[in-house]
Structure formats: structure tokens, C-alpha cells
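Shown next: work.tsv, given as TSV, C-alpha atoms and all ligand atoms.
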```tsv
chain	number	residue	atom	x	y	z
A	1	MET	CA	108.65	-2.87	162.25
A	2	ALA	CA	111.50	-1.50	164.38
A	3	ALA	CA	114.94	-0.04	163.68
A	4	ILE	CA	117.33	-2.55	165.25
A	5	ALA	CA	121.11	-2.41	165.63
A	6	PHE	CA	122.70	-5.86	166.04
A	7	ILE	CA	126.30	-6.28	167.22
A	8	GLY	CA	128.06	-9.67	167.18
A	9	LEU	CA	127.19	-11.90	164.23
A	10	GLY	CA	128.79	-15.21	165.18
A	11	ASN	CA	127.25	-18.67	165.29
A	12	MET	CA	124.28	-17.36	167.28
A	13	GLY	CA	124.07	-13.67	166.40
A	14	GLY	CA	124.15	-14.30	162.63
A	15	PRO	CA	120.98	-16.41	162.46
A	16	MET	CA	119.24	-14.29	165.12
A	17	ALA	CA	119.83	-11.12	163.08
A	18	ALA	CA	118.68	-12.95	159.93
A	19	ASN	CA	115.39	-13.79	161.65
A	20	LEU	CA	114.88	-10.11	162.49
A	21	VAL	CA	115.43	-9.21	158.82
A	22	ARG	CA	112.94	-11.94	157.87
A	23	ALA	CA	110.40	-10.41	160.27
A	24	ALA	CA	110.70	-7.15	158.24
A	25	HIS	CA	112.60	-5.11	160.82
A	26	GLN	CA	115.10	-2.53	159.62
A	27	VAL	CA	118.35	-4.18	160.79
A	28	THR	CA	121.80	-2.54	160.86
A	29	VAL	CA	124.66	-4.80	161.89
A	30	PHE	CA	128.30	-4.70	162.94
A	31	ASP	CA	130.90	-7.37	163.71
A	32	LEU	CA	134.69	-7.15	163.93
A	33	VAL	CA	134.85	-9.95	161.34
A	34	PRO	CA	133.92	-8.63	157.85
A	35	GLU	CA	132.89	-12.12	156.60
A	36	ALA	CA	130.25	-12.33	159.33
A	37	CYS	CA	128.83	-8.98	158.18
A	38	ALA	CA	128.86	-9.98	154.51
A	39	LYS	CA	126.75	-13.06	155.22
A	40	ILE	CA	123.99	-11.11	156.90
A	41	GLN	CA	124.17	-8.38	154.28
A	42	GLU	CA	123.14	-11.02	151.74
A	43	ALA	CA	120.12	-11.74	153.93
A	44	GLY	CA	119.08	-8.08	153.68
A	45	ALA	CA	120.66	-6.25	156.63
A	46	GLU	CA	122.57	-3.01	156.33
A	47	VAL	CA	126.23	-3.22	157.40
A	48	ALA	CA	127.80	-0.39	159.40
A	49	ASP	CA	131.52	0.46	159.63
A	50	SER	CA	131.57	0.51	163.40
A	51	ALA	CA	129.43	-0.21	166.43
A	52	ALA	CA	128.85	3.53	166.85
A	53	ALA	CA	127.62	3.85	163.26
A	54	ALA	CA	125.34	0.82	163.65
A	55	VAL	CA	123.40	2.33	166.57
A	56	ALA	CA	122.63	5.67	164.89
A	57	GLY	CA	118.85	6.13	164.97
A	58	CYS	CA	118.07	2.67	166.37
A	59	GLU	CA	115.14	1.87	168.68
A	60	PHE	CA	116.59	-1.44	169.89
A	61	LEU	CA	120.23	-2.43	170.31
A	62	ILE	CA	120.94	-6.15	170.55
A	63	SER	CA	124.37	-7.63	171.29
A	64	MET	CA	125.49	-11.27	171.10
A	65	LEU	CA	129.16	-11.37	172.17
A	66	PRO	CA	131.48	-14.07	173.53
A	67	ALA	CA	132.11	-12.99	177.16
A	68	GLY	CA	131.70	-10.33	179.85
A	69	ARG	CA	134.78	-8.33	178.89
A	70	HIS	CA	133.47	-7.86	175.33
A	71	VAL	CA	130.15	-6.61	176.69
A	72	ALA	CA	131.85	-4.23	179.13
A	73	GLU	CA	134.13	-2.89	176.38
A	74	LEU	CA	131.19	-2.31	174.05
A	75	TYR	CA	128.89	-0.50	176.47
A	76	THR	CA	131.07	1.23	179.04
A	77	GLY	CA	134.68	0.66	177.87
A	78	VAL	CA	136.54	1.56	174.68
A	79	ASP	CA	133.43	1.67	172.49
A	80	GLY	CA	131.39	3.47	175.20
A	81	LEU	CA	128.14	2.89	173.32
A	82	LEU	CA	125.89	3.83	176.24
A	83	ASP	CA	127.09	7.44	175.88
A	84	GLN	CA	126.00	7.49	172.26
A	85	LEU	CA	122.46	6.21	172.69
A	86	ASP	CA	119.23	8.15	172.92
A	87	SER	CA	117.45	7.39	176.20
A	88	GLN	CA	114.51	5.94	174.21
A	89	VAL	CA	116.67	3.03	173.00
A	90	THR	CA	116.12	-0.40	174.56
A	91	VAL	CA	119.33	-2.41	174.99
A	92	LEU	CA	119.18	-6.22	175.01
A	93	ASP	CA	122.39	-8.12	175.67
A	94	CYS	CA	121.83	-11.78	174.73
A	95	SER	CA	125.43	-12.92	175.44
A	96	THR	CA	126.09	-15.45	178.21
A	97	ILE	CA	128.25	-13.52	180.68
A	98	ASP	CA	128.82	-13.08	184.42
A	99	ALA	CA	125.91	-11.57	186.33
A	100	ALA	CA	128.16	-8.86	187.84
A	101	THR	CA	128.96	-7.37	184.40
A	102	ALA	CA	125.28	-7.58	183.43
A	103	ARG	CA	124.29	-5.74	186.65
A	104	ALA	CA	127.00	-3.09	186.18
A	105	THR	CA	125.95	-2.51	182.56
A	106	GLY	CA	122.30	-2.31	183.64
A	107	GLU	CA	123.21	0.23	186.29
A	108	ALA	CA	125.27	2.34	183.86
A	109	ALA	CA	122.37	2.27	181.39
A	110	GLY	CA	119.90	3.23	184.13
A	111	GLU	CA	122.02	6.26	185.07
A	112	ARG	CA	121.56	7.47	181.49
A	113	GLY	CA	117.81	6.72	181.48
A	114	ILE	CA	118.29	3.81	179.06
A	115	GLY	CA	116.33	0.56	179.46
A	116	PHE	CA	118.73	-2.43	179.65
A	117	MET	CA	118.03	-6.11	179.88
A	118	ASP	CA	120.34	-9.12	180.01
A	119	ALA	CA	118.61	-11.75	177.88
A	120	PRO	CA	120.84	-14.85	177.53
A	121	VAL	CA	119.41	-17.67	175.49
A	122	SER	CA	118.95	-21.39	175.64
A	123	GLY	CA	118.62	-23.47	172.51
A	124	GLY	CA	121.90	-23.23	170.57
A	125	VAL	CA	122.51	-22.62	166.88
A	126	ALA	CA	119.62	-24.82	165.68
A	127	ALA	CA	117.10	-22.85	167.76
A	128	ALA	CA	118.72	-19.53	166.77
A	129	THR	CA	118.23	-20.51	163.12
A	130	ALA	CA	114.69	-21.81	163.60
A	131	GLY	CA	113.71	-18.78	165.72
A	132	THR	CA	112.77	-20.96	168.68
A	133	LEU	CA	115.21	-19.73	171.35
A	134	ALA	CA	114.25	-19.35	175.01
A	135	PHE	CA	115.21	-15.95	176.51
A	136	MET	CA	115.94	-15.57	180.23
A	137	CYS	CA	115.57	-11.89	180.97
A	138	GLY	CA	116.81	-9.59	183.71
A	139	GLY	CA	115.67	-5.97	183.87
A	140	GLU	CA	112.68	-3.72	184.58
A	141	ALA	CA	109.20	-5.13	183.84
A	142	GLU	CA	108.57	-2.23	181.47
A	143	THR	CA	111.77	-3.02	179.49
A	144	PHE	CA	110.73	-6.66	179.33
A	145	GLU	CA	107.34	-5.72	177.87
A	146	ARG	CA	109.00	-3.57	175.18
A	147	ALA	CA	111.62	-6.24	174.43
A	148	LYS	CA	109.06	-9.03	173.99
A	149	THR	CA	107.87	-7.57	170.69
A	150	VAL	CA	111.36	-8.06	169.20
A	151	LEU	CA	112.41	-11.21	171.09
A	152	ALA	CA	109.30	-12.97	169.74
A	153	ASP	CA	110.84	-12.78	166.25
A	154	MET	CA	113.88	-14.77	167.44
A	155	GLY	CA	112.41	-17.15	169.98
A	156	LYS	CA	109.32	-18.80	171.35
A	157	ASN	CA	109.75	-18.61	175.13
A	158	MET	CA	110.52	-15.46	177.10
A	159	PHE	CA	110.89	-15.39	180.87
A	160	HIS	CA	111.26	-12.36	183.11
A	161	ALA	CA	113.55	-13.72	185.84
A	162	GLY	CA	113.99	-10.48	187.84
A	163	PRO	CA	116.15	-7.32	187.80
A	164	ALA	CA	119.33	-6.81	185.72
A	165	GLY	CA	121.63	-9.83	186.09
A	166	ALA	CA	118.75	-12.22	186.85
A	167	GLY	CA	118.76	-13.60	183.32
A	168	GLN	CA	122.43	-14.58	183.73
A	169	VAL	CA	121.70	-16.21	187.10
A	170	ALA	CA	118.92	-18.31	185.54
A	171	LYS	CA	121.18	-19.30	182.63
A	172	ALA	CA	124.03	-20.38	184.96
A	173	CYS	CA	121.62	-22.44	187.11
A	174	ASN	CA	120.15	-24.13	184.05
A	175	ASN	CA	123.48	-24.98	182.43
A	176	MET	CA	124.99	-26.34	185.65
A	177	LEU	CA	122.00	-28.67	185.93
A	178	LEU	CA	122.31	-29.57	182.24
A	179	ALA	CA	125.97	-30.60	182.71
A	180	ILE	CA	125.08	-32.72	185.74
A	181	HIS	CA	122.19	-34.57	184.11
A	182	MET	CA	124.13	-35.11	180.89
A	183	ILE	CA	126.98	-36.75	182.81
A	184	GLY	CA	124.50	-38.75	184.91
A	185	THR	CA	122.81	-39.94	181.74
A	186	THR	CA	126.11	-41.07	180.19
A	187	GLU	CA	127.01	-43.01	183.36
A	188	ALA	CA	123.63	-44.77	183.45
A	189	LEU	CA	123.86	-45.73	179.75
A	190	GLU	CA	127.46	-46.98	180.18
A	191	MET	CA	126.52	-49.04	183.22
A	192	GLY	CA	123.55	-50.58	181.41
A	193	ALA	CA	125.56	-51.36	178.28
A	194	ARG	CA	128.41	-53.00	180.21
A	195	ASN	CA	125.85	-55.13	181.98
A	196	GLY	CA	124.37	-56.41	178.73
A	197	LEU	CA	121.52	-53.96	178.05
A	198	ASP	CA	120.82	-52.35	174.70
A	199	PRO	CA	121.27	-48.57	175.31
A	200	ALA	CA	118.23	-47.87	173.10
A	201	VAL	CA	116.02	-50.16	175.19
A	202	LEU	CA	117.46	-48.80	178.44
A	203	SER	CA	116.78	-45.26	177.20
A	204	GLN	CA	113.12	-46.13	176.56
A	205	ILE	CA	112.84	-47.66	180.04
A	206	MET	CA	114.38	-44.62	181.77
A	207	LEU	CA	112.30	-42.23	179.68
A	208	ALA	CA	109.17	-43.87	181.03
A	209	SER	CA	110.63	-43.98	184.57
A	210	SER	CA	111.92	-41.53	187.15
A	211	GLY	CA	115.32	-41.10	185.45
A	212	ARG	CA	113.67	-39.14	182.65
A	213	ASN	CA	115.50	-35.90	181.79
A	214	TRP	CA	116.20	-33.57	178.84
A	215	SER	CA	119.50	-35.24	177.84
A	216	LEU	CA	117.69	-38.56	177.53
A	217	GLU	CA	114.59	-37.09	175.94
A	218	VAL	CA	115.98	-34.95	173.12
A	219	TYR	CA	119.79	-35.28	173.15
A	220	ASN	CA	120.64	-38.94	173.80
A	221	PRO	CA	124.47	-39.13	174.15
A	222	TRP	CA	124.79	-42.77	172.99
A	223	PRO	CA	125.57	-42.96	169.23
A	224	GLY	CA	122.74	-44.36	167.15
A	225	VAL	CA	119.98	-44.22	169.77
A	226	MET	CA	118.55	-40.94	168.52
A	227	GLU	CA	119.06	-40.09	164.85
A	228	SER	CA	118.78	-36.31	165.32
A	229	ALA	CA	121.21	-36.08	168.26
A	230	PRO	CA	124.88	-34.97	167.86
A	231	ALA	CA	125.94	-38.41	169.19
A	232	SER	CA	124.66	-39.93	165.94
A	233	LYS	CA	126.64	-37.39	163.86
A	234	GLY	CA	130.11	-37.95	165.30
A	235	TYR	CA	129.33	-35.45	168.10
A	236	ALA	CA	129.37	-32.47	165.72
A	237	PRO	CA	127.99	-29.50	167.70
A	238	GLY	CA	125.35	-28.66	168.80
A	239	PHE	CA	126.62	-27.10	171.94
A	240	MET	CA	130.41	-27.19	172.20
A	241	VAL	CA	132.40	-28.48	175.18
A	242	ASP	CA	134.26	-25.12	175.17
A	243	LEU	CA	131.00	-23.28	175.79
A	244	MET	CA	129.91	-25.71	178.50
A	245	VAL	CA	133.26	-25.19	180.28
A	246	LYS	CA	132.77	-21.42	180.01
A	247	ASP	CA	129.22	-21.64	181.40
A	248	LEU	CA	130.31	-23.92	184.25
A	249	GLY	CA	133.03	-21.39	185.11
A	250	LEU	CA	130.35	-18.70	185.40
A	251	ALA	CA	128.19	-21.02	187.51
A	252	MET	CA	131.09	-21.86	189.88
A	253	GLU	CA	131.84	-18.16	190.32
A	254	MET	CA	128.19	-17.48	191.11
A	255	ALA	CA	127.93	-20.40	193.54
A	256	GLY	CA	131.19	-19.39	195.25
A	257	GLN	CA	130.07	-15.78	195.72
A	258	ALA	CA	126.79	-16.93	197.27
A	259	GLY	CA	128.46	-19.60	199.47
A	260	VAL	CA	126.56	-22.44	197.82
A	261	ASP	CA	127.72	-26.03	198.38
A	262	ASN	CA	127.57	-27.27	194.77
A	263	ARG	CA	129.77	-30.34	194.81
A	264	MET	CA	127.98	-31.96	191.88
A	265	GLY	CA	128.44	-28.81	189.82
A	266	GLN	CA	132.14	-28.66	190.72
A	267	LEU	CA	132.66	-32.28	189.73
A	268	ALA	CA	130.82	-31.70	186.45
A	269	ARG	CA	133.16	-28.78	185.76
A	270	GLN	CA	136.27	-30.90	186.49
A	271	LEU	CA	135.05	-33.63	184.15
A	272	TYR	CA	134.22	-31.20	181.35
A	273	GLU	CA	137.59	-29.45	181.74
A	274	ALA	CA	139.40	-32.80	181.53
A	275	HIS	CA	137.37	-33.70	178.45
A	276	GLN	CA	138.21	-30.32	176.90
A	277	GLN	CA	141.93	-30.81	177.61
A	278	GLN	CA	141.80	-34.11	175.73
A	279	GLY	CA	141.12	-32.16	172.54
A	280	ASN	CA	137.31	-32.21	172.61
A	281	GLY	CA	136.66	-28.48	173.04
A	282	ARG	CA	134.99	-28.00	169.69
A	283	ARG	CA	132.90	-31.18	169.82
A	284	ASP	CA	129.38	-31.41	171.17
A	285	PHE	CA	129.11	-31.55	174.99
A	286	SER	CA	127.35	-34.94	174.83
A	287	SER	CA	130.71	-36.39	173.64
A	288	ILE	CA	131.54	-36.71	177.34
A	289	GLN	CA	129.98	-40.18	176.81
A	290	GLU	CA	133.29	-41.19	175.17
A	291	MET	CA	135.23	-40.35	178.32
A	292	LEU	CA	133.39	-43.16	180.08
A	293	SER	CA	133.43	-45.57	177.14
A	294	ALA	CA	137.23	-45.28	176.75
A	301	LIG	P1	130.85	-16.55	168.33
A	301	LIG	O1	132.24	-16.49	168.84
A	301	LIG	O2	130.51	-17.43	167.16
A	301	LIG	O3	130.37	-15.06	167.95
A	301	LIG	C1	130.72	-13.89	168.64
A	301	LIG	C2	130.87	-12.76	167.62
A	301	LIG	O4	131.08	-11.53	168.33
A	301	LIG	C3	132.08	-12.94	166.70
A	301	LIG	O5	131.65	-12.92	165.35
A	301	LIG	C4	133.00	-11.77	167.04
A	301	LIG	O6	133.72	-11.27	165.94
A	301	LIG	C5	131.99	-10.76	167.54
A	301	LIG	N1	132.57	-9.70	168.39
A	301	LIG	C6	133.34	-9.82	169.50
A	301	LIG	N2	133.62	-8.61	170.01
A	301	LIG	C7	133.00	-7.69	169.22
A	301	LIG	C8	132.92	-6.26	169.24
A	301	LIG	N3	133.52	-5.54	170.16
A	301	LIG	N4	132.21	-5.68	168.26
A	301	LIG	C9	131.58	-6.41	167.30
A	301	LIG	N5	131.62	-7.75	167.24
A	301	LIG	C10	132.33	-8.38	168.18
A	301	LIG	O7	129.94	-16.91	169.58
A	301	LIG	P2	128.45	-17.54	169.58
A	301	LIG	O8	128.51	-19.01	169.54
A	301	LIG	O9	127.62	-16.78	168.59
A	301	LIG	O10	128.00	-17.16	171.06
A	301	LIG	C11	127.66	-15.84	171.44
A	301	LIG	C12	127.15	-15.86	172.88
A	301	LIG	O11	126.03	-16.74	172.97
A	301	LIG	C13	128.20	-16.40	173.87
A	301	LIG	O12	128.12	-15.63	175.04
A	301	LIG	C14	127.76	-17.84	174.10
A	301	LIG	O13	128.15	-18.31	175.38
A	301	LIG	C15	126.25	-17.71	173.98
A	301	LIG	N6	125.56	-18.95	173.58
A	301	LIG	C16	126.06	-19.72	172.57
A	301	LIG	C17	125.37	-20.88	172.21
A	301	LIG	C18	125.89	-21.76	171.09
A	301	LIG	O14	125.44	-22.89	170.97
A	301	LIG	N7	126.80	-21.27	170.24
A	301	LIG	C19	124.20	-21.25	172.87
A	301	LIG	C20	123.70	-20.43	173.87
A	301	LIG	C21	124.39	-19.26	174.22
```

Can the structure from this file be put into C-alpha cells for me?
Ligand code: NAD
Amino acid sequence: MAAIAFIGLGNMGGPMAANLVRAAHQVTVFDLVPEACAKIQEAGAEVADSAAAAVAGCEFLISMLPAGRHVAELYTGVDGLLDQLDSQVTVLDCSTIDAATARATGEAAGERGIGFMDAPVSGGVAAATAGTLAFMCGGEAETFERAKTVLADMGKNMFHAGPAGAGQVAKACNNMLLAIHMIGTTEALEMGARNGLDPAVLSQIMLASSGRNWSLEVYNPWPGVMESAPASKGYAPGFMVDLMVKDLGLAMEMAGQAGVDNRMGQLARQLYEAHQQQGNGRRDFSSIQEMLSA
């Protein structure tokens, strides 16, 4: 059992913190939104009045925030939490943010002798609730070993990708590829359907052939082909278009800085932005199928 402070109790952070409570850790939480705190209090966590109060006496500090600026504000900006932590504390930021902010936060933590790891997740709200997230970690090997004991109560796969920032790089690479193969899958299904094929039969054929991919395997974007997929539930998320656009923005920034020719990624971003602008931001990202069917 560990004393864990958890900051950021939104769609992802709420169920992740609840799983830590369930695993019998002593969890103290804080979120700017009181309703988010109340929910997790019911699950058995202690609610603090501020981020600073939440971290008092903690062994692990976990954050799950929307974007890089929130993480910077929390650790080195207005909240300045790094200055309030004992050097024994292990900090795990699970937010999806730019690698530069993750590296800068890791460096600032290192200067204070604090172990920091960026640990963005793959899996979405369903996996956060089920405790089956995948964590992509960036930080020292020693910090990773310590973190594993706690991450295991929220997920089932943990990867050490490299030093601070490496988790964010892995996440951006993965989500750029996800956007590309989702769009590719929707195009293939649309082409088959317009040429007289049943999308369910075509899906089975491609799943047994070289077109096989994750979108086809567990997240089929054609309504009715896969009962459990968002496509069969009116494209209720799932993983929202807004978040995919955010992640593609991070990927484009990363590719640009490294001089990578990522034309497929850029096109995927343009298509997702257009889809978002048509009022689909809060729908599941597989709803991009409708853009082609229109
Ligand atoms: P969310 O907007 O539902 O939750 C973020 C929470 O952080 C909010 O409750 C907000 O009040 C709180 N917050 C913001 N600033 C704060 C501060 N200074 N102090 C305390 N609380 C603060 O977002 P989410 O869907 O839970 O996503 C969180 C992160 O996880 C994002 O970086 C997102 O990209 C990533 N992610 C989300 C999913 C998903 O499917 N939702 C999947 C993978 C990764």
C-alpha cells in the first residue's frame, strides 16, 4: 500500500484514481472541479482543498491533465508543486502532452532530486475503468521500476521507452499511425460497399489478409459490423475526435521539429480537423467513416 496523491479527475483520471483506491492504496485527490472530487470521494479517496494539500506526505504523485500548459503550471508554474515535494516522491504524469514540456518537467524534477516519469496511456476510458491501460514511460530505469508497482494497479502493459519525454514520443507515433489506419480502413470499407460487397464480409476477408489492423480488428468503423464498437452505438466515444486532433497536433509538431516527411500524418490531421469543424468533435474518432459515406 502506498500514499498516492492524484491530480486531475476527469474522464480518465477519475476511474484511474478509483482503481488505486480499489487496490487499497491511500489516495488523496484534487481537481479544480468539485463534482469530479465528490465522485471519487464516494469511492473512498480523501479530497484535498488544493494541489499543495493533496501532495502532503505522499510517496507517489500522479497527474492526468488536459495539455502541456496545465502540466507546466502544476509542476513549475503557478502551483510550483515540485518545490513542495520531498525528494523521495516519485512523480508520474500520465497526461498526453508535448515531449518538450515533459522533458523540461523531468529536468526540473531532476534538479531537485525528484524522480519524474512521463507515462501517457493508451486505451481510453473503457481501459481506464477496467484497469487495463497501456503506459508508455519516459524517465530513469530506477523510476520506472518504482512506478511499475503502482501503474500495475491501473493497467496491464508498461513500457519503458527511454528518458523523460520518450513516453510522449511513443504516444505521438502510435496515435499518428492509429489515425492513418483508421482512415485507410474507412476508405477500404466504403470502396467495397459501393462496389457491392457486404462490409461485414469484407472485414472478415481483410482481417484474414494483409490489410489486417487494429481499427478493423477491435474498432470496426462501419455501423453494425462489430456490436461492441462505437460505430454500432451512434459513434458515442470511445476516443473523441477532439482528442485525436489534439494528438495529431502534437505528432505534427514532433515530426516538424525532427524534419520528418510525414505526408500521410499531415493528411490525416487535415481530414480529422475538417471532420471536427463539421461538429463532430465530441463523437468517436471512427465517425470519420461518415465523412466518406456522405
Ligand atoms: P478531462 O478534461 O476529462 O479531465 C482533465 C481534468 O483535469 C479535469 O477534470 C480538470 O478539471 C482537471 N484539471 C485541469 N487543470 C487542473 C489543475 N491545475 N489542477 C487540478 N485539476 C486540473 O480529460 P481526460 O479525458 O481525462 O484526459 C486527460 C489526459 O489523458 C489528456 O491529456 C488526454 O489527451 C489523455 N487521454 C485521454 C483519453 C480519453 O479517451 N479520454 C485517452 C488517452 C489519453

TODO: Quick one: everything within 12 Å of Tyr235 in chain A, counting only C-alpha atoms, minus sequence neighbours fewer than 4 positions away in the same chain. Send it as a ChimeraX atom specification.
DONE: /A:219-224,227-231,239-241,280-290

- [ ] Record the distance separating atom N6 of ligand LIG 301 (chain A) and CA of Gly106 in chain A, expressed in Å with one decimal.
- [x] 19.7 Å

TODO: Between CA of Ala166 in chain A and atom N6 of ligand LIG 301 (chain A), measure the distance and give it in Å to one decimal.
DONE: 16.4 Å

Task: Env. residues ligand LIG 301 (chain A) / 7 Å / only C-alpha atoms and all ligand atoms / as an MDAnalysis selection string - done: chainID A and resid 7:13 30:33 36 51 64:67 70 73:74 94:97 120:125 238:240 243 247

Open item on the list: Need the shell around Ala53 in chain A: protein/DNA/RNA residues with any atom at most 10 Å away, counting all atoms listed in the file. Skip same-chain ones fewer than 2 positions apart. Format as a count of residues only?
Closed with: 13

- [ ] Calculate how many Å separate CA of Ala161 in chain A from CA of Phe60 in chain A, rounding to one decimal.
- [x]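 Distance reported for this atom pair: 20.4 Å.
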
Tell me, as a short mmCIF file (atom, residue, chain, number, x, y, z; two decimals) with C-alpha atoms, in the coordinates of the input, which residues lie within 9 Å of Arg22 in chain A, counting all atoms listed in the file; anything in the same chain fewer than 4 positions away does not count.
```cif
data_model
loop_
_atom_site.label_atom_id
_atom_site.label_comp_id
_atom_site.auth_asym_id
_atom_site.auth_seq_id
_atom_site.Cartn_x
_atom_site.Cartn_y
_atom_site.Cartn_z
CA ALA A 17 119.83 -11.12 163.08
CA ALA A 18 118.68 -12.95 159.93
CA ALA A 43 120.12 -11.74 153.93
CA GLY A 44 119.08 -8.08 153.68
CA ASP A 153 110.84 -12.78 166.25
#
```

Open item on the list: Here is a test: counting all atoms listed in the file, which residue of A:Ser232, A:Thr149, A:Asn175, A:Thr143 is nearest to Ala268 in chain A?
Closed with: A:Asn175

Task: Counting only C-alpha atoms, the option among A:Leu248, A:Ala128, A:Ala147, A:Val201 closest to Met226 in chain A - done: A:Val201

Task: For Leu61 in chain A, the nearest of the candidates A:Phe6, A:Ile180, A:Gly14, A:Leu82, counting all atoms listed in the file - done: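 The shortest atom-to-atom distance to Leu61 in chain A comes from A:Phe6.
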
TODO: Rank A:Gly211, A:Phe144, A:Gln278, A:Gln204 by their smallest atom-to-atom distance to Val225 in chain A, using all atoms listed in the file, and report the top residue only.
DONE: A:Gln204

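Residue neighbourhood of Gln266 in chain A, excluding near-sequence residues (fewer than 6 positions): Met176, Ile180, Leu248, Gly249, Ala251, Met252, Ala255 and Tyr272 of chain A, at 10 Å, using only C-alpha atoms.
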
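Using all atoms listed in the file, the contacts of Gly131 in chain A at a cut-off of 9 Å, with sequence neighbours closer than 6 positions omitted, comprise Pro15, Met16, Asn19, Ala152, Asp153, Met154, Gly155 and Lys156 of chain A.
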
Can you spit out the residues from that selection as a PDB file, keeping the file's coordinate frame, using C-alpha atoms?
```pdb
ATOM      1  CA  PRO A  15     120.980 -16.410 162.460  1.00  0.00           C
ATOM      2  CA  MET A  16     119.240 -14.290 165.120  1.00  0.00           C
ATOM      3  CA  ASN A  19     115.390 -13.790 161.650  1.00  0.00           C
ATOM      4  CA  ALA A 152     109.300 -12.970 169.740  1.00  0.00           C
ATOM      5  CA  ASP A 153     110.840 -12.780 166.250  1.00  0.00           C
ATOM      6  CA  MET A 154     113.880 -14.770 167.440  1.00  0.00           C
ATOM      7  CA  GLY A 155     112.410 -17.150 169.980  1.00  0.00           C
ATOM      8  CA  LYS A 156     109.320 -18.800 171.350  1.00  0.00           C
TER       9      LYS A 156
END
```
